[in-house]
There are 4 protein chains.
Amino acid sequence: MKIKKDWKQKIHEVIYGTHTPAGRLFDIILLAVIVYSVIIVMLESIPSLDEKHHKFLNYSEWVVTILFSIEYILRIISINRPKKYIFSFFGIVDFLSTIPKYLSLFFVGSQYLTAFRILRLLRVFRILKLVRFVGESNNLVRSIHASRTKIFVFVFFIIIISVLLGTVMYIVEGPTHGFTSIPHSVYWTIVTLTTVGYGDISPETPLGQFIATVIMIIGYGVIAVPTGIVSAEYAAGLTNKKNIPPGRTCPDCGTEIMRIDAHYCRECGHRLSDD
Amino acid sequence: MKIKKDWKQKIHEVIYGTHTPAGRLFDIILLAVIVYSVIIVMLESIPSLDEKHHKFLNYSEWVVTILFSIEYILRIISINRPKKYIFSFFGIVDFLSTIPKYLSLFFVGSQYLTAFRILRLLRVFRILKLVRFVGESNNLVRSIHASRTKIFVFVFFIIIISVLLGTVMYIVEGPTHGFTSIPHSVYWTIVTLTTVGYGDISPETPLGQFIATVIMIIGYGVIAVPTGIVSAEYAAGLTNKKNIPPGRTCPDCGTEIMRIDAHYCRECGHRLSDD
Amino acid sequence: MKIKKDWKQKIHEVIYGTHTPAGRLFDIILLAVIVYSVIIVMLESIPSLDEKHHKFLNYSEWVVTILFSIEYILRIISINRPKKYIFSFFGIVDFLSTIPKYLSLFFVGSQYLTAFRILRLLRVFRILKLVRFVGESNNLVRSIHASRTKIFVFVFFIIIISVLLGTVMYIVEGPTHGFTSIPHSVYWTIVTLTTVGYGDISPETPLGQFIATVIMIIGYGVIAVPTGIVSAEYAAGLTNKKNIPPGRTCPDCGTEIMRIDAHYCRECGHRLSDD
Amino acid sequence: MKIKKDWKQKIHEVIYGTHTPAGRLFDIILLAVIVYSVIIVMLESIPSLDEKHHKFLNYSEWVVTILFSIEYILRIISINRPKKYIFSFFGIVDFLSTIPKYLSLFFVGSQYLTAFRILRLLRVFRILKLVRFVGESNNLVRSIHASRTKIFVFVFFIIIISVLLGTVMYIVEGPTHGFTSIPHSVYWTIVTLTTVGYGDISPETPLGQFIATVIMIIGYGVIAVPTGIVSAEYAAGLTNKKNIPPGRTCPDCGTEIMRIDAHYCRECGHRLSDD
């Protein structure tokens with residue numbers, strides 16, 4: 001039994017570990033295979049390429065899919081708590097990376113879903129141990145987290161405004177100018193508000209163009225709001241990090257101590273106690 | 001008489017209240033019905049769907065409209081000062097949510113205006129008691145409020161610039177290239193300045209394209225201005241929030257105390273109590 | 001002679017002054033006439049309207065132009081130093097507001113240039129004495145001023161990048177896909193970099209679309225730069241306004257005084273001298 | 001030999017120097033010739049102009065190319081360490097500015113690559129000694145540098161999201177609505193996410209339009225992130241600049257002094273001299 005356990009542990013070390021040379025090599029090969037297979041799926045969807053190289057592309061995909069399937073099974077076998085892995089984010093992604101190709105035997109077209117295996121690339125953060133990034137991004141994540149209620153309410157308002165303005169445009173322009181229904185008009189309104197502006201539909205009556213102008217200027221102002229929120233929260237986080245802790249003063253002269261790591265008062269030279 | 005008053009009070013509790021289980025249930029059903037009815041109006045505007053399910057859609061709308069009408073009447077009956085409600089924001093919205101359907105009996109197409117009842121959804125803020133959001137958004141509202149003069153002047157400049165550049169483009173490109181009139185050119189200028197860029201009209205002469213390029217770069221720089229204003233005001237608010245207990249004033253001279261840690265009024269030297 | 005001087009002074013008071021009721025009335029009428037005349041010019045450019053109401057529109061314009069000409073002459077007569085007015089910003093704008101209509105007698109189409117009289121609307125700032133705005137906008141003007149070198153260099157880089165990428169796209173896509181010349185490709189690059197995206201030209205080869213994708217992502221990142229500069233400068237201005245003057249402390253207890261208008265130390269209540 | 005050295009030194013002074021009148025004149029002429037030659041290349045690519053003035057344009061280009069070649073050789077001759085120049089940024093740019101024209105004798109079309117000589121314009125910074133700008137832009141460069149990991153990760157996420165959403169759109173819309181392949185769909189997704197929105201492809205099915213709407217709103221929110229990062233870092237730099245005299249350290253223990261108003265080292269309590 002011990003041999004089997006060792007065997008399991010070794011696989012675990014290679015697949016999950018990032019410290020041993022074998023583990024590192026495995027991770028690098030894995031990333032390369034993921035990128036390769038996503039490119040293959042993309043190329044397969046181009047009719048002219050698929051015609052010429054169908055056999056090669058299809059064969060490549062099957063090889064990668066079978067390799068991923070073996071890896072998936074090994075991951076389950078070599079881990080202590082397989083259930084936790086299976087229902088984790090990466091567990092589900094790994095499963096979804098293999099299944100569409102098998103399904104394509106029964107349902108034509110489902111092989112394109114294998115493009116979802118690009119999500120496996122997110123592993124790169126764990127592999128490269130982007131510690132520095134993670135540390136730096138804490139503030140970013142914190143600011144987005146702090147702004148989430150506001151951004152949710154913001155999206156809620158955008159939807160209400162879009163439905164209202166979309167209805168107005170439907171009544172003003174009507175189906176004869178391409179605004180064939182209210183949902184279609186709402187789609188156009190969001191295309192305009194977000195300054196995307198495809199131009200597949202565009203107002204043709206003077207009144208419609210006037211309203212479009214108002215929508216654009218609203219959209220312009222509205223851009224400022226989420227940007228303002230996130231950057232202000234982010235800036236606040238950046239400032240706080242440096243100024244903490246508020247309210248610590250020199251016991252001798254009363255000067256506010258600005259640096260958390262100060263050992264002496266910068267005004268009178270008094271030795272500060274380490275809280 | 002007492003019975004009738006009780007009856008009124010109970011209705012008030014259900015319709016306006018959010019504390020009793022019945023009140024909460026009523027609010028949740030109301031929101032669901034609003035969403036349902038807005039979707040129905042939108043679907044009705046799609047010709048292919050309307051043909052197939054016209055009867056069902058029309059019937060649904062009538063049911064919702066009559067329910068809203070009853071609710072509107074009950075709101076007026078059960079409130080102490082009906083006039084205040086009728087002329088409040090929600091009173092007007094509630095009225096406008098029912099009337100277009102009745103008007104559609106006389107004017108074809110007016111039923112689409114019922115999409116305006118999506119504004120009733122704004123009640124969600126009162127219902128869900130989004131206190132946390134309201135607290136957080138005070139700063140957002142305050143920054144938008146503080147920036148309003150600047151944003152107004154900004155829009156004023158945008159309009160002047162658009163009229164000038166629109167006229168120039170009308171002269172340069174002319175009706176043969178789609179710039180059929182000055183208002184149309186001004187519309188195009190705003191489409192370009194806001195980076196929407198439909199492409200329904202686009203400059204075709206080299207000079208026109210050069211001017212368009214200048215407009216785009218202006219538009220690009222101009223994006224920075226409202227974003228900068230709002231985010232800076234917002235950031236300032238975020239910083240201030242930590243220093244100012246809102247509404248604390250000197251009991252002796254009435255000066256607003258700006259620093260939470262102040263012990264003496266900075267105007268008259270009065271000793272401040274520590275709340 | 002005294003009578004004539006009084007007459008001159010009265011006209012000066014009405015035309016230039018904003019304190020007397022007559023002066024105010026004149027200004028309000030002036031603004032209304034400017035708006036009216038700009039609208040007339042715009043409407044005249046719409047072929048269908050011009051056909052129907054040509055006489056009325058043309059007549060209106062002539063009346064306004066003659067009124068503006070009289071006003072212009074009166075402004076010159078009633079001022080002490082006419083030269084200074086004539087070569088001032090508003091002097092030139094006032095002159096250019098009247099001349100195109102007279103030129104239209106000789107050159108067809110020049111009457112559209114009268115739309116430039118919209119610049120006269122800028123007078124509104126002087127008339128309404130938007131003191132509050134002016135005060136508030138000082139910081140905005142200051143931040144734009146402080147960022148001008150950086151924004152100039154930024155535009156310089158944008159132009160160099162656009163020429164380079166435009167040339168690449170011309171070589172890659174070529175005249176057969178709409179990139180008819182390098183200037184045209186540069187125009188397309190700026191349309192893409194600024195996220196306007198008309199779609200009058202768009203890449204059709206896979207390589208062209210790949211490069212377009214890179215340009216878009218650059219454009220996306222590039223949006224951040226001027227916004228970041230202006231909003232940071234603006235925020236710095238906002239902060240400075242409140243924290244000045246750095247280094248002022250209470251002579252009694254050494255507390256830093258945060259408010260420029262403080263008369264007493266907030267820590268010990270010591271009377272502060274007024275610098 | 002001395003004469004030859006003097007001759008070399010004189011050329012060095014004219015070509016590289018910016019202090020002598022001759023050096024300044026050379027630089028100004030150089031910039032003018034660069035701008036002139038880039039314009040010539042651009043004009044040559046316009047078929048109608050090239051037909052009429054082909055001889056003049058071609059001749060102009062040859063003259064400029066030969067002048068640049070001579071200048072390039074003189075630069076190599078007159079410098080002390082030619083290798084360092086040849087492999088420096090400007091050395092490579094100078095070389096690439098001349099070579100495409102010679103290549104055009106063998107490969108038609110390669111003359112357009114001479115447009116790359118616009119990169120030579122970057123010399124303007126050295127010539128004009130934009131010291132003030134350089135000083136001011138340090139903070140800008142620093143903030144972009146400080147944000148680089150975050151921006152890299154951001155672009156990485158954008159690519160993953162684009163591949164995922166592009167695949168979804170390919171499956172939803174399919175080749176019949178213009179989404180001919182997955183790479184093409186990914187291209188469309190980036191066009192939409194960055195709010196460029198050409199409209200060469202646009203969703204036509206209701207579900208496709210719904211997903212497009214979601215992509216746009218994501219794109220809208222996503223705009224906030226890089227803007228927020230850069231402007232916050234920039235603002236932080238702006239604030240720090242005021243507190244920190246760069247390079248001031250405690251003479252006793254070497255700790256960097258962060259506060260311009262510090263009188264004692266916060267690490268060892270050493271009395272700091274007042275510069």
# chains A, B, ... in the order shown; residues from 1 in each chain; ligands from 1

$ closest_atom_pairs --of "region 180-234 of chain A" --to "region 176-199 of chain C" --cutoff "10 Å" --atoms "only C-alpha atoms" --output "Markdown table"
| residue | atom | partner | partner_atom | distance |
| --- | --- | --- | --- | --- |
| A:Thr195 | CA | C:Val196 | CA | 7.9 |
| A:Val196 | CA | C:Val196 | CA | 7.8 |
| A:Gly197 | CA | C:Gly197 | CA | 7.8 |
| A:Tyr198 | CA | C:Tyr198 | CA | 7.7 |
| A:Gly199 | CA | C:Tyr198 | CA | 7.8 |

$ residues_around --residues "region 65-72 of chain C" --least-positions-apart "3" --cutoff "10 Å" --atoms "only C-alpha atoms" --output "VMD selection string"
chain C and resid 15 30 33 to 34 37 59 to 62 75 to 77 86 91 94 to 95 97 to 102 114

$ write_last_selection --atoms "N, CA, C and O atoms" --output "CSV table (one decimal), in the first residue's frame"
chain,number,residue,atom,x,y,z
C,15,ILE,N,-25.5,99.4,-23.2
C,15,ILE,CA,-24.9,98.3,-23.9
C,15,ILE,C,-23.9,97.5,-23.1
C,15,ILE,O,-23.9,96.3,-23.1
C,30,LEU,N,-30.5,90.9,-26.1
C,30,LEU,CA,-29.4,90.5,-27.0
C,30,LEU,C,-29.2,89.0,-27.0
C,30,LEU,O,-29.2,88.4,-28.1
C,33,VAL,N,-32.0,87.4,-29.0
C,33,VAL,CA,-31.8,87.6,-30.5
C,33,VAL,C,-30.7,86.7,-31.0
C,33,VAL,O,-30.9,86.2,-32.1
C,34,ILE,N,-29.6,86.6,-30.3
C,34,ILE,CA,-28.5,85.7,-30.8
C,34,ILE,C,-29.0,84.3,-31.0
C,34,ILE,O,-28.9,83.7,-32.0
C,37,SER,N,-31.3,84.1,-33.9
C,37,SER,CA,-30.7,84.2,-35.2
C,37,SER,C,-29.9,82.9,-35.6
C,37,SER,O,-29.9,82.5,-36.7
C,59,TYR,N,-35.5,87.3,-44.6
C,59,TYR,CA,-35.9,88.6,-44.0
C,59,TYR,C,-35.5,88.7,-42.6
C,59,TYR,O,-34.9,89.7,-42.2
C,60,SER,N,-35.7,87.6,-41.8
C,60,SER,CA,-35.4,87.6,-40.4
C,60,SER,C,-33.9,87.8,-40.2
C,60,SER,O,-33.4,88.6,-39.4
C,61,GLU,N,-33.1,87.1,-41.0
C,61,GLU,CA,-31.7,87.2,-41.0
C,61,GLU,C,-31.2,88.6,-41.2
C,61,GLU,O,-30.3,89.1,-40.6
C,62,TRP,N,-31.8,89.2,-42.3
C,62,TRP,CA,-31.4,90.6,-42.6
C,62,TRP,C,-31.7,91.6,-41.5
C,62,TRP,O,-30.9,92.4,-41.1
C,75,ARG,N,-21.5,100.3,-30.2
C,75,ARG,CA,-20.4,99.9,-29.2
C,75,ARG,C,-19.1,100.6,-29.5
C,75,ARG,O,-18.5,101.0,-28.5
C,76,ILE,N,-18.8,100.8,-30.8
C,76,ILE,CA,-17.6,101.5,-31.1
C,76,ILE,C,-17.7,103.0,-30.7
C,76,ILE,O,-16.7,103.6,-30.1
C,77,ILE,N,-18.8,103.6,-31.0
C,77,ILE,CA,-19.0,105.0,-30.7
C,77,ILE,C,-19.0,105.3,-29.2
C,77,ILE,O,-18.3,106.2,-28.7
C,86,ILE,N,-12.3,96.9,-30.6
C,86,ILE,CA,-12.3,96.3,-32.0
C,86,ILE,C,-11.4,95.0,-32.0
C,86,ILE,O,-11.8,94.0,-32.7
C,91,GLY,N,-14.9,91.9,-29.7
C,91,GLY,CA,-15.0,92.9,-30.8
C,91,GLY,C,-14.9,92.1,-32.1
C,91,GLY,O,-15.7,92.4,-33.1
C,94,ASP,N,-18.1,90.1,-32.7
C,94,ASP,CA,-19.2,90.9,-33.1
C,94,ASP,C,-19.1,91.3,-34.5
C,94,ASP,O,-20.1,91.4,-35.3
C,95,PHE,N,-17.9,91.6,-35.0
C,95,PHE,CA,-17.7,92.0,-36.4
C,95,PHE,C,-18.0,90.8,-37.3
C,95,PHE,O,-18.8,90.9,-38.3
C,97,SER,N,-19.9,88.5,-36.8
C,97,SER,CA,-21.3,88.1,-36.7
C,97,SER,C,-22.2,88.8,-37.8
C,97,SER,O,-23.3,88.4,-38.1
C,98,THR,N,-21.7,89.9,-38.3
C,98,THR,CA,-22.5,90.7,-39.2
C,98,THR,C,-22.0,90.6,-40.6
C,98,THR,O,-22.8,90.5,-41.5
C,99,ILE,N,-20.7,90.4,-40.8
C,99,ILE,CA,-20.1,90.5,-42.1
C,99,ILE,C,-20.6,89.4,-43.1
C,99,ILE,O,-20.8,89.7,-44.3
C,100,PRO,N,-20.7,88.1,-42.7
C,100,PRO,CA,-21.0,87.1,-43.7
C,100,PRO,C,-22.3,87.3,-44.4
C,100,PRO,O,-22.4,87.0,-45.6
C,101,LYS,N,-23.3,87.9,-43.7
C,101,LYS,CA,-24.6,88.2,-44.4
C,101,LYS,C,-24.4,89.1,-45.6
C,101,LYS,O,-25.0,89.0,-46.6
C,102,TYR,N,-23.6,90.2,-45.3
C,102,TYR,CA,-23.4,91.2,-46.4
C,102,TYR,C,-22.6,90.5,-47.5
C,102,TYR,O,-22.9,90.8,-48.7
C,114,THR,N,-22.7,83.0,-40.6
C,114,THR,CA,-23.3,83.7,-39.5
C,114,THR,C,-23.5,82.9,-38.3
C,114,THR,O,-23.8,83.4,-37.2

$ atom_distance --atom1 "CA of Lys52 (chain D)" --atom2 "CA of Ile29 (chain D)"
27.8 Å

$ residues_around --residues "Lys10 (chain D)" --least-positions-apart "3" --cutoff "12 Å" --atoms "only C-alpha atoms" --output "PyMOL selection string"
chain D and resi 3-7+13-17+20+22-23+74-75+77-79

$ residues_around --residues "Ile160 (chain A)" --least-positions-apart "4" --cutoff "8 Å" --atoms "only C-alpha atoms" --output "compact mmCIF listing (two decimals) with N, CA, C and O atoms, in the first residue's frame"
# COMPACT_ATOMS: atom_id res chain seq x y z
N PHE A 156 -28.55 49.48 -12.38
CA PHE A 156 -30.01 49.49 -12.23
C PHE A 156 -30.60 50.76 -12.86
O PHE A 156 -31.56 50.71 -13.63
N LEU A 164 -36.79 53.53 -20.64
CA LEU A 164 -37.58 54.75 -20.88
C LEU A 164 -37.22 55.38 -22.21
O LEU A 164 -38.09 55.62 -23.06
N ILE B 118 -42.08 51.51 -15.63
CA ILE B 118 -40.82 51.00 -15.09
C ILE B 118 -40.28 51.94 -14.02
O ILE B 118 -39.54 51.54 -13.13
N LEU B 119 -40.69 53.21 -14.10
CA LEU B 119 -40.27 54.18 -13.08
C LEU B 119 -40.78 53.77 -11.70
O LEU B 119 -40.19 54.15 -10.69

$ atom_distance --atom1 "CA of Met169 (chain D)" --atom2 "CA of Pro203 (chain C)"
19.6 Å

$ interface_residues --of "chain B" --to "chain A" --cutoff "9 Å" --atoms "only C-alpha atoms" --output "ChimeraX atom specification"
/B:41-47,109-110,112-113,115-116,118-119,121-122,132-133,136-137,140,144,151,155,183-184,187,190-191,194-200,223-236,238-239,261

$ atom_distance --atom1 "CA of Tyr85 (chain B)" --atom2 "CA of Thr18 (chain B)"
17.3 Å
